[in-house]
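Accompanying notes for the structure given below.
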Amino acid sequence: GCLQRRHRPGRHPRHAMEPRQVQGELQKHRPGAQSHVRALAPACCLSPSIACALEPFGMCPSQERRVFDLPTSHKMSGIRRFHARGNLLFAEGQFRRAAVQFRAALVWYEYTFPDKRKGPDGQAALDARRAACLLNLAACEISLRAWKEAEATSSQALRALPGNVKALYRRALARRHLHRFEDAAADVEAALAVSPGSGALCREAALLRLTQRE
C-alpha cells in the first residue's frame with residue numbers, strides 16, 4: 001500500500017544490518033546512555049531488516065507505521081541528525097558506528113515524502129542528502145575493508161549522481177581489492193576525465209597498471 005512506496009513488503013533495504021552487526025553495535029552503547037532517537041510507541045510490525053537498522057537508536061521493532069506517520073519535518077531533521085552524527089564519528093575514526101548512522105538516515109529516507117520539490121525541506125534536498133550518505137557510507141565500508149559492500153554502495157551513489165568522482169574513485173578502490181582490475185581501471189578513467197589533476201586518482205591508475213602487469 002501507500003506505506004511501502006519505496007520499501008515493498010518482502011523486500012529489505014540493502015543498507016539494513018545483519019542481526020550480528022546490530023548486536024555488536026548495541027554492545028558498544030554504554031549502559032544507561034541516552035538514545036540518539038526518541039523511542040515511539042509500538043504500532044505495526046517492522047520488517048526484520050528495518051528493525052535491525054533502527055534498533056541501535058532505541059526504536060522498538062514495531063515502528064513502521066509510526067515512522068511513516070511522523071511529520072515530514074521531523075523525519076527530515078532526523079535524517080540531518082543521523083548524517084551529522086555519522087560525519088562526526090567518521091572524523092573520529094569510528095567507522096563502524098558512523099556507518100550505523102548513515103544507514104539509519106538511508107532507512108528514514110525510505111519513509112520520507114516531502115510535499116515540495118525545492119527548498120531546504122524539499123525532495124531535491126532530501127535526495128542530495130541521501131546521495132551524500134551513500135558516499136559517506138561507502139567511505140566507511142572502505143575503511144572497514146568491506147569491499148563488496150563498498151562497491152555496491154558506490155554503485156548506488158553513482159545511480160543517484162552519475163559521473164561523481166568520489167563514487168567512481170571509491171568503487172575503483174573496492175573493485176581493485178576484489179581483483180576486478182579492468183572494472184576498476186574503467187572507473188578511474190571515467191573519474192580522471194572529470195578530474196584530471198587528482199593526485200589520488202593518478203596514484204590509483206598507476207597502481208592498477210602495476211597490478212595488471214603482474
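Please note that chains go A, B, ... in the order of the C-alpha cells, that every chain numbers its residues from 1, and that ligands are numbered from 1 in the order shown.
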
Range 183-194 of chain A surroundings by only C-alpha atoms, 9 Å radius, close-in-sequence under 4 positions cut, as a PDB file with all heavy atoms, in the first residue's frame:
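Contents of the output file part-v7.pdb:
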ATOM      1  N   GLY A 163      28.522   9.855 -12.754  1.00  0.00           N
ATOM      2  CA  GLY A 163      29.799  10.503 -13.014  1.00  0.00           C
ATOM      3  C   GLY A 163      30.457  11.145 -11.822  1.00  0.00           C
ATOM      4  O   GLY A 163      31.496  11.805 -11.960  1.00  0.00           O
ATOM      5  N   ASN A 164      29.918  10.951 -10.623  1.00  0.00           N
ATOM      6  CA  ASN A 164      30.510  11.551  -9.432  1.00  0.00           C
ATOM      7  C   ASN A 164      31.908  10.990  -9.198  1.00  0.00           C
ATOM      8  O   ASN A 164      32.105   9.773  -9.149  1.00  0.00           O
ATOM      9  CB  ASN A 164      29.617  11.282  -8.222  1.00  0.00           C
ATOM     10  CG  ASN A 164      30.144  11.917  -6.959  1.00  0.00           C
ATOM     11  OD1 ASN A 164      30.948  11.323  -6.241  1.00  0.00           O
ATOM     12  ND2 ASN A 164      29.710  13.136  -6.691  1.00  0.00           N
ATOM     13  N   VAL A 165      32.875  11.881  -9.041  1.00  0.00           N
ATOM     14  CA  VAL A 165      34.276  11.465  -8.944  1.00  0.00           C
ATOM     15  C   VAL A 165      34.534  10.649  -7.678  1.00  0.00           C
ATOM     16  O   VAL A 165      35.235   9.622  -7.716  1.00  0.00           O
ATOM     17  CB  VAL A 165      35.198  12.698  -8.996  1.00  0.00           C
ATOM     18  CG1 VAL A 165      36.649  12.309  -8.687  1.00  0.00           C
ATOM     19  CG2 VAL A 165      35.125  13.350 -10.369  1.00  0.00           C
ATOM     20  N   LYS A 166      33.981  11.090  -6.540  1.00  0.00           N
ATOM     21  CA  LYS A 166      34.192  10.346  -5.290  1.00  0.00           C
ATOM     22  C   LYS A 166      33.630   8.934  -5.383  1.00  0.00           C
ATOM     23  O   LYS A 166      34.269   7.969  -4.947  1.00  0.00           O
ATOM     24  CB  LYS A 166      33.542  11.087  -4.121  1.00  0.00           C
ATOM     25  CG  LYS A 166      34.271  12.339  -3.686  1.00  0.00           C
ATOM     26  CD  LYS A 166      33.593  12.955  -2.473  1.00  0.00           C
ATOM     27  CE  LYS A 166      34.328  14.202  -2.005  1.00  0.00           C
ATOM     28  NZ  LYS A 166      33.672  14.823  -0.828  1.00  0.00           N
ATOM     29  N   ALA A 167      32.439   8.819  -5.958  1.00  0.00           N
ATOM     30  CA  ALA A 167      31.819   7.495  -6.069  1.00  0.00           C
ATOM     31  C   ALA A 167      32.627   6.600  -7.005  1.00  0.00           C
ATOM     32  O   ALA A 167      32.834   5.408  -6.726  1.00  0.00           O
ATOM     33  CB  ALA A 167      30.386   7.628  -6.565  1.00  0.00           C
ATOM     34  N   LEU A 168      33.100   7.154  -8.111  1.00  0.00           N
ATOM     35  CA  LEU A 168      33.917   6.367  -9.049  1.00  0.00           C
ATOM     36  C   LEU A 168      35.223   5.929  -8.396  1.00  0.00           C
ATOM     37  O   LEU A 168      35.647   4.774  -8.539  1.00  0.00           O
ATOM     38  CB  LEU A 168      34.210   7.190 -10.299  1.00  0.00           C
ATOM     39  CG  LEU A 168      33.037   7.378 -11.272  1.00  0.00           C
ATOM     40  CD1 LEU A 168      33.352   8.478 -12.272  1.00  0.00           C
ATOM     41  CD2 LEU A 168      32.720   6.071 -11.992  1.00  0.00           C
ATOM     42  N   TYR A 169      35.843   6.839  -7.666  1.00  0.00           N
ATOM     43  CA  TYR A 169      37.111   6.509  -7.013  1.00  0.00           C
ATOM     44  C   TYR A 169      36.914   5.432  -5.955  1.00  0.00           C
ATOM     45  O   TYR A 169      37.695   4.465  -5.878  1.00  0.00           O
ATOM     46  CB  TYR A 169      37.698   7.775  -6.382  1.00  0.00           C
ATOM     47  CG  TYR A 169      38.931   7.535  -5.554  1.00  0.00           C
ATOM     48  CD1 TYR A 169      40.101   7.049  -6.125  1.00  0.00           C
ATOM     49  CD2 TYR A 169      38.930   7.801  -4.183  1.00  0.00           C
ATOM     50  CE1 TYR A 169      41.241   6.832  -5.369  1.00  0.00           C
ATOM     51  CE2 TYR A 169      40.061   7.590  -3.422  1.00  0.00           C
ATOM     52  CZ  TYR A 169      41.214   7.104  -4.014  1.00  0.00           C
ATOM     53  OH  TYR A 169      42.339   6.879  -3.254  1.00  0.00           O
ATOM     54  N   ARG A 171      34.496   3.227  -5.746  1.00  0.00           N
ATOM     55  CA  ARG A 171      34.176   1.937  -6.369  1.00  0.00           C
ATOM     56  C   ARG A 171      35.420   1.320  -6.986  1.00  0.00           C
ATOM     57  O   ARG A 171      35.603   0.090  -6.947  1.00  0.00           O
ATOM     58  CB  ARG A 171      33.078   2.107  -7.418  1.00  0.00           C
ATOM     59  CG  ARG A 171      32.546   0.764  -7.908  1.00  0.00           C
ATOM     60  CD  ARG A 171      31.293   0.912  -8.730  1.00  0.00           C
ATOM     61  NE  ARG A 171      31.538   1.521 -10.039  1.00  0.00           N
ATOM     62  CZ  ARG A 171      30.608   1.649 -10.980  1.00  0.00           C
ATOM     63  NH1 ARG A 171      29.372   1.233 -10.746  1.00  0.00           N
ATOM     64  NH2 ARG A 171      30.898   2.212 -12.141  1.00  0.00           N
ATOM     65  N   ALA A 172      36.297   2.154  -7.558  1.00  0.00           N
ATOM     66  CA  ALA A 172      37.547   1.635  -8.117  1.00  0.00           C
ATOM     67  C   ALA A 172      38.401   0.978  -7.033  1.00  0.00           C
ATOM     68  O   ALA A 172      38.968  -0.107  -7.245  1.00  0.00           O
ATOM     69  CB  ALA A 172      38.320   2.759  -8.796  1.00  0.00           C
ATOM     70  N   LEU A 173      38.497   1.621  -5.871  1.00  0.00           N
ATOM     71  CA  LEU A 173      39.248   1.030  -4.755  1.00  0.00           C
ATOM     72  C   LEU A 173      38.676  -0.328  -4.379  1.00  0.00           C
ATOM     73  O   LEU A 173      39.414  -1.306  -4.201  1.00  0.00           O
ATOM     74  CB  LEU A 173      39.204   1.961  -3.546  1.00  0.00           C
ATOM     75  CG  LEU A 173      40.094   3.196  -3.548  1.00  0.00           C
ATOM     76  CD1 LEU A 173      39.816   4.027  -2.295  1.00  0.00           C
ATOM     77  CD2 LEU A 173      41.560   2.806  -3.593  1.00  0.00           C
ATOM     78  N   ALA A 174      37.350  -0.369  -4.237  1.00  0.00           N
ATOM     79  CA  ALA A 174      36.705  -1.624  -3.852  1.00  0.00           C
ATOM     80  C   ALA A 174      36.927  -2.696  -4.913  1.00  0.00           C
ATOM     81  O   ALA A 174      37.242  -3.860  -4.596  1.00  0.00           O
ATOM     82  CB  ALA A 174      35.212  -1.388  -3.638  1.00  0.00           C
ATOM     83  N   ARG A 175      36.786  -2.313  -6.167  1.00  0.00           N
ATOM     84  CA  ARG A 175      36.935  -3.298  -7.245  1.00  0.00           C
ATOM     85  C   ARG A 175      38.368  -3.804  -7.354  1.00  0.00           C
ATOM     86  O   ARG A 175      38.589  -4.983  -7.674  1.00  0.00           O
ATOM     87  CB  ARG A 175      36.468  -2.686  -8.568  1.00  0.00           C
ATOM     88  CG  ARG A 175      34.950  -2.576  -8.642  1.00  0.00           C
ATOM     89  CD  ARG A 175      34.469  -1.912  -9.915  1.00  0.00           C
ATOM     90  NE  ARG A 175      33.036  -2.161 -10.103  1.00  0.00           N
ATOM     91  CZ  ARG A 175      32.319  -1.680 -11.103  1.00  0.00           C
ATOM     92  NH1 ARG A 175      32.887  -0.901 -12.024  1.00  0.00           N
ATOM     93  NH2 ARG A 175      31.036  -1.968 -11.209  1.00  0.00           N
ATOM     94  N   ARG A 176      39.337  -2.945  -7.105  1.00  0.00           N
ATOM     95  CA  ARG A 176      40.733  -3.413  -7.138  1.00  0.00           C
ATOM     96  C   ARG A 176      40.955  -4.466  -6.063  1.00  0.00           C
ATOM     97  O   ARG A 176      41.595  -5.501  -6.306  1.00  0.00           O
ATOM     98  CB  ARG A 176      41.691  -2.244  -6.947  1.00  0.00           C
ATOM     99  CG  ARG A 176      43.144  -2.687  -6.820  1.00  0.00           C
ATOM    100  CD  ARG A 176      44.104  -1.544  -6.993  1.00  0.00           C
ATOM    101  NE  ARG A 176      43.914  -0.480  -6.028  1.00  0.00           N
ATOM    102  CZ  ARG A 176      44.382  -0.496  -4.778  1.00  0.00           C
ATOM    103  NH1 ARG A 176      45.044  -1.554  -4.320  1.00  0.00           N
ATOM    104  NH2 ARG A 176      44.177   0.532  -3.980  1.00  0.00           N
ATOM    105  N   HIS A 179      39.792  -7.744  -6.959  1.00  0.00           N
ATOM    106  CA  HIS A 179      40.520  -8.273  -8.130  1.00  0.00           C
ATOM    107  C   HIS A 179      39.725  -8.112  -9.429  1.00  0.00           C
ATOM    108  O   HIS A 179      39.899  -8.887 -10.363  1.00  0.00           O
ATOM    109  CB  HIS A 179      40.886  -9.754  -7.915  1.00  0.00           C
ATOM    110  CG  HIS A 179      41.688  -9.984  -6.676  1.00  0.00           C
ATOM    111  ND1 HIS A 179      43.013  -9.614  -6.556  1.00  0.00           N
ATOM    112  CD2 HIS A 179      41.342 -10.505  -5.463  1.00  0.00           C
ATOM    113  CE1 HIS A 179      43.461  -9.908  -5.350  1.00  0.00           C
ATOM    114  NE2 HIS A 179      42.467 -10.444  -4.663  1.00  0.00           N
ATOM    115  N   SER A 198      43.658  15.099 -10.263  1.00  0.00           N
ATOM    116  CA  SER A 198      43.562  14.468  -8.946  1.00  0.00           C
ATOM    117  C   SER A 198      44.750  13.555  -8.685  1.00  0.00           C
ATOM    118  O   SER A 198      44.982  12.579  -9.405  1.00  0.00           O
ATOM    119  CB  SER A 198      42.258  13.661  -8.850  1.00  0.00           C
ATOM    120  OG  SER A 198      42.260  12.852  -7.691  1.00  0.00           O
ATOM    121  N   LEU A 201      43.609   9.914  -7.819  1.00  0.00           N
ATOM    122  CA  LEU A 201      43.218   9.145  -9.000  1.00  0.00           C
ATOM    123  C   LEU A 201      44.438   8.728  -9.813  1.00  0.00           C
ATOM    124  O   LEU A 201      44.500   7.593 -10.318  1.00  0.00           O
ATOM    125  CB  LEU A 201      42.258   9.962  -9.854  1.00  0.00           C
ATOM    126  CG  LEU A 201      40.838  10.115  -9.321  1.00  0.00           C
ATOM    127  CD1 LEU A 201      40.070  11.143 -10.139  1.00  0.00           C
ATOM    128  CD2 LEU A 201      40.095   8.774  -9.336  1.00  0.00           C
ATOM    129  N   CYS A 202      45.404   9.627  -9.947  1.00  0.00           N
ATOM    130  CA  CYS A 202      46.616   9.287 -10.696  1.00  0.00           C
ATOM    131  C   CYS A 202      47.379   8.159 -10.010  1.00  0.00           C
ATOM    132  O   CYS A 202      47.896   7.248 -10.677  1.00  0.00           O
ATOM    133  CB  CYS A 202      47.501  10.518 -10.851  1.00  0.00           C
ATOM    134  SG  CYS A 202      46.822  11.781 -11.956  1.00  0.00           S
ATOM    135  N   GLU A 204      46.045   5.879  -8.073  1.00  0.00           N
ATOM    136  CA  GLU A 204      45.263   4.652  -8.240  1.00  0.00           C
ATOM    137  C   GLU A 204      45.436   4.086  -9.637  1.00  0.00           C
ATOM    138  O   GLU A 204      45.558   2.868  -9.817  1.00  0.00           O
ATOM    139  CB  GLU A 204      43.784   4.942  -7.966  1.00  0.00           C
ATOM    140  CG  GLU A 204      42.887   3.716  -8.002  1.00  0.00           C
ATOM    141  CD  GLU A 204      43.182   2.693  -6.926  1.00  0.00           C
ATOM    142  OE1 GLU A 204      43.825   3.050  -5.913  1.00  0.00           O
ATOM    143  OE2 GLU A 204      42.777   1.520  -7.105  1.00  0.00           O
ATOM    144  N   ALA A 205      45.491   4.949 -10.640  1.00  0.00           N
ATOM    145  CA  ALA A 205      45.696   4.492 -12.017  1.00  0.00           C
ATOM    146  C   ALA A 205      47.058   3.818 -12.159  1.00  0.00           C
ATOM    147  O   ALA A 205      47.181   2.754 -12.795  1.00  0.00           O
ATOM    148  CB  ALA A 205      45.581   5.669 -12.981  1.00  0.00           C
ATOM    149  N   LEU A 208      46.992   0.438 -10.463  1.00  0.00           N
ATOM    150  CA  LEU A 208      46.273  -0.543 -11.276  1.00  0.00           C
ATOM    151  C   LEU A 208      47.106  -1.028 -12.448  1.00  0.00           C
ATOM    152  O   LEU A 208      47.080  -2.211 -12.800  1.00  0.00           O
ATOM    153  CB  LEU A 208      44.959   0.065 -11.776  1.00  0.00           C
ATOM    154  CG  LEU A 208      43.815   0.080 -10.776  1.00  0.00           C
ATOM    155  CD1 LEU A 208      42.700   1.005 -11.232  1.00  0.00           C
ATOM    156  CD2 LEU A 208      43.275  -1.332 -10.554  1.00  0.00           C
ATOM    157  N   ARG A 209      47.877  -0.123 -13.053  1.00  0.00           N
ATOM    158  CA  ARG A 209      48.747  -0.543 -14.158  1.00  0.00           C
ATOM    159  C   ARG A 209      49.789  -1.533 -13.682  1.00  0.00           C
ATOM    160  O   ARG A 209      50.068  -2.547 -14.333  1.00  0.00           O
ATOM    161  CB  ARG A 209      49.424   0.687 -14.789  1.00  0.00           C
ATOM    162  CG  ARG A 209      48.498   1.511 -15.660  1.00  0.00           C
ATOM    163  CD  ARG A 209      49.287   2.501 -16.522  1.00  0.00           C
ATOM    164  NE  ARG A 209      49.950   3.524 -15.700  1.00  0.00           N
ATOM    165  CZ  ARG A 209      49.398   4.672 -15.355  1.00  0.00           C
ATOM    166  NH1 ARG A 209      48.157   4.961 -15.747  1.00  0.00           N
ATOM    167  NH2 ARG A 209      50.063   5.557 -14.633  1.00  0.00           N
TER     168      ARG A 209
END

| Do you know which residues are at most 12 Å from Gly78 in chain A counting only C-alpha atoms, after dropping those on the same chain fewer than 2 positions away, and could you put them as a ChimeraX atom specification? | /A:36-38,57,67,70-76,80-85,101-102,104-109,111-112,121,126,129

With N, CA and C atoms retained, export the selected residues as a CSV table (one decimal), in the first residue's frame.
chain,number,residue,atom,x,y,z
A,36,HIS,N,19.9,8.0,20.8
A,36,HIS,CA,20.0,9.1,19.8
A,36,HIS,C,18.6,9.5,19.3
A,37,VAL,N,17.7,8.6,19.3
A,37,VAL,CA,16.4,8.9,18.7
A,37,VAL,C,15.3,8.5,19.7
A,38,ARG,N,14.3,9.3,19.9
A,38,ARG,CA,13.3,9.0,20.9
A,38,ARG,C,12.5,7.8,20.4
A,57,PHE,N,19.2,2.6,17.7
A,57,PHE,CA,18.9,4.0,18.1
A,57,PHE,C,17.7,4.1,19.0
A,67,VAL,N,6.8,5.5,12.2
A,67,VAL,CA,7.8,6.2,11.5
A,67,VAL,C,7.2,6.9,10.2
A,70,LEU,N,5.1,10.0,11.1
A,70,LEU,CA,5.8,11.2,11.7
A,70,LEU,C,5.7,12.4,10.7
A,71,PRO,N,5.6,13.6,11.2
A,71,PRO,CA,5.6,14.8,10.3
A,71,PRO,C,6.9,14.8,9.5
A,72,THR,N,6.7,15.2,8.2
A,72,THR,CA,7.8,15.2,7.3
A,72,THR,C,9.0,16.0,7.9
A,73,SER,N,8.7,17.1,8.5
A,73,SER,CA,9.7,18.0,9.0
A,73,SER,C,10.5,17.2,10.1
A,74,HIS,N,9.9,16.4,10.9
A,74,HIS,CA,10.5,15.6,11.9
A,74,HIS,C,11.5,14.6,11.3
A,75,LYS,N,11.0,14.0,10.2
A,75,LYS,CA,11.8,13.0,9.6
A,75,LYS,C,13.0,13.6,8.9
A,76,MET,N,12.8,14.8,8.3
A,76,MET,CA,13.9,15.5,7.6
A,76,MET,C,14.9,15.9,8.6
A,80,ARG,N,18.9,14.6,8.9
A,80,ARG,CA,20.0,15.5,9.1
A,80,ARG,C,20.9,15.2,10.3
A,81,ARG,N,20.2,14.8,11.4
A,81,ARG,CA,21.0,14.5,12.6
A,81,ARG,C,21.8,13.2,12.4
A,82,PHE,N,21.2,12.2,11.8
A,82,PHE,CA,21.9,11.0,11.5
A,82,PHE,C,23.2,11.3,10.7
A,83,HIS,N,22.9,12.1,9.6
A,83,HIS,CA,24.0,12.4,8.7
A,83,HIS,C,25.1,13.2,9.5
A,84,ALA,N,24.8,14.1,10.3
A,84,ALA,CA,25.8,14.9,11.0
A,84,ALA,C,26.5,14.1,12.0
A,85,ARG,N,25.8,13.2,12.7
A,85,ARG,CA,26.5,12.3,13.7
A,85,ARG,C,27.4,11.4,13.0
A,101,GLN,N,25.0,5.2,11.6
A,101,GLN,CA,24.3,6.5,11.5
A,101,GLN,C,23.8,6.7,10.0
A,102,PHE,N,24.8,6.5,9.1
A,102,PHE,CA,24.4,6.7,7.7
A,102,PHE,C,23.3,5.7,7.2
A,104,ALA,N,21.0,4.5,9.1
A,104,ALA,CA,19.7,4.9,9.7
A,104,ALA,C,19.1,6.1,8.8
A,105,ALA,N,20.0,7.0,8.4
A,105,ALA,CA,19.5,8.1,7.5
A,105,ALA,C,18.9,7.5,6.3
A,106,LEU,N,19.5,6.5,5.7
A,106,LEU,CA,19.0,5.9,4.5
A,106,LEU,C,17.7,5.2,4.7
A,107,VAL,N,17.5,4.6,5.8
A,107,VAL,CA,16.3,3.9,6.1
A,107,VAL,C,15.2,4.9,6.3
A,108,TRP,N,15.4,6.0,7.0
A,108,TRP,CA,14.4,7.0,7.2
A,108,TRP,C,14.0,7.7,5.9
A,109,TYR,N,15.0,7.8,5.0
A,109,TYR,CA,14.7,8.3,3.7
A,109,TYR,C,13.5,7.6,3.0
A,111,TYR,N,10.9,6.5,4.1
A,111,TYR,CA,9.6,6.8,4.6
A,111,TYR,C,9.3,8.3,4.6
A,112,THR,N,10.1,9.0,3.9
A,112,THR,CA,10.0,10.5,3.9
A,112,THR,C,9.6,11.0,2.5
A,121,ASP,N,13.7,21.8,2.7
A,121,ASP,CA,12.9,20.6,3.1
A,121,ASP,C,12.2,20.0,2.0
A,126,LEU,N,16.4,16.4,0.0
A,126,LEU,CA,16.4,15.1,0.6
A,126,LEU,C,17.2,14.1,-0.3
A,129,ARG,N,20.9,14.7,0.2
A,129,ARG,CA,21.4,14.2,1.5
A,129,ARG,C,21.5,12.7,1.4

| said: Need the shell around range 135-139 of chain A: protein/DNA/RNA residues with any atom at most 8 Å away, counting only C-alpha atoms. Skip same-chain ones fewer than 5 positions apart. Format as a PyMOL selection string? | reply: chain A and resi 87+98-99+102-103+149-151+153-154+157+166-167+170

May I have the residues from that selection written out with N, CA and C atoms, as a PDB file, in the first residue's frame?
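Saved the output as part31.pdb:
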ATOM      1  N   ASN A  87      29.050  11.938  10.248  1.00  0.00           N
ATOM      2  CA  ASN A  87      30.246  12.694   9.880  1.00  0.00           C
ATOM      3  C   ASN A  87      31.180  12.879  11.070  1.00  0.00           C
ATOM      4  N   ALA A  98      29.877   5.134  12.617  1.00  0.00           N
ATOM      5  CA  ALA A  98      29.464   6.114  11.616  1.00  0.00           C
ATOM      6  C   ALA A  98      28.577   5.464  10.561  1.00  0.00           C
ATOM      7  N   ALA A  99      28.938   4.236  10.159  1.00  0.00           N
ATOM      8  CA  ALA A  99      28.141   3.533   9.162  1.00  0.00           C
ATOM      9  C   ALA A  99      26.722   3.284   9.656  1.00  0.00           C
ATOM     10  N   PHE A 102      24.754   6.487   9.076  1.00  0.00           N
ATOM     11  CA  PHE A 102      24.424   6.706   7.668  1.00  0.00           C
ATOM     12  C   PHE A 102      23.341   5.732   7.197  1.00  0.00           C
ATOM     13  N   ARG A 103      23.399   4.484   7.673  1.00  0.00           N
ATOM     14  CA  ARG A 103      22.358   3.519   7.304  1.00  0.00           C
ATOM     15  C   ARG A 103      21.004   3.956   7.852  1.00  0.00           C
ATOM     16  N   GLU A 149      30.536  -4.571  -0.024  1.00  0.00           N
ATOM     17  CA  GLU A 149      29.551  -3.577   0.383  1.00  0.00           C
ATOM     18  C   GLU A 149      29.909  -2.198  -0.168  1.00  0.00           C
ATOM     19  N   ALA A 150      31.215  -1.877  -0.148  1.00  0.00           N
ATOM     20  CA  ALA A 150      31.646  -0.575  -0.660  1.00  0.00           C
ATOM     21  C   ALA A 150      31.372  -0.444  -2.150  1.00  0.00           C
ATOM     22  N   GLU A 151      31.585  -1.528  -2.884  1.00  0.00           N
ATOM     23  CA  GLU A 151      31.293  -1.477  -4.323  1.00  0.00           C
ATOM     24  C   GLU A 151      29.802  -1.253  -4.565  1.00  0.00           C
ATOM     25  N   THR A 153      27.537   0.045  -2.522  1.00  0.00           N
ATOM     26  CA  THR A 153      27.113   1.366  -2.065  1.00  0.00           C
ATOM     27  C   THR A 153      27.563   2.451  -3.034  1.00  0.00           C
ATOM     28  N   SER A 154      28.791   2.326  -3.528  1.00  0.00           N
ATOM     29  CA  SER A 154      29.282   3.298  -4.512  1.00  0.00           C
ATOM     30  C   SER A 154      28.449   3.249  -5.788  1.00  0.00           C
ATOM     31  N   ALA A 157      25.383   5.154  -5.186  1.00  0.00           N
ATOM     32  CA  ALA A 157      25.678   6.588  -5.237  1.00  0.00           C
ATOM     33  C   ALA A 157      25.794   7.067  -6.680  1.00  0.00           C
ATOM     34  N   LYS A 166      33.981  11.090  -6.540  1.00  0.00           N
ATOM     35  CA  LYS A 166      34.192  10.346  -5.290  1.00  0.00           C
ATOM     36  C   LYS A 166      33.630   8.934  -5.383  1.00  0.00           C
ATOM     37  N   ALA A 167      32.439   8.819  -5.958  1.00  0.00           N
ATOM     38  CA  ALA A 167      31.819   7.495  -6.069  1.00  0.00           C
ATOM     39  C   ALA A 167      32.627   6.600  -7.005  1.00  0.00           C
ATOM     40  N   ARG A 170      35.860   5.561  -5.151  1.00  0.00           N
ATOM     41  CA  ARG A 170      35.638   4.576  -4.091  1.00  0.00           C
ATOM     42  C   ARG A 170      35.256   3.216  -4.667  1.00  0.00           C
TER      43      ARG A 170
END

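Checking A:Ala200, A:Cys140, A:Leu158, A:Ala146 one by one against Leu89 in chain A, counting only C-alpha atoms, you find the shortest gap at A:Cys140.
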
| task | List every residue of range 48-207 of chain A that DSSP, applied to the backbone of this structure, places in helix (DSSP H, G or I), and write the result as a PyMOL selection string. | result | chain A and resi 48-57+64-69+72-91+95-109+123-143+147-160+165-177+181-194+199-207

| When you draw a straight line from CA of Thr211 in chain A to CA of Phe181 in chain A, how long is it in Å? | 8.0 Å

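CA of Arg159 in chain A sits 27.4 Å away from CA of Gly93 in chain A.
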
| remark: From CA of Arg130 in chain A to CA of Ala160 in chain A the spacing works out at 8.6 Å

| field | Among the residues A:Glu64, A:Ala131, A:Arg203, A:Ile142, the one that comes closest to Pro162 in chain A [using only C-alpha atoms] | value | A:Ala131
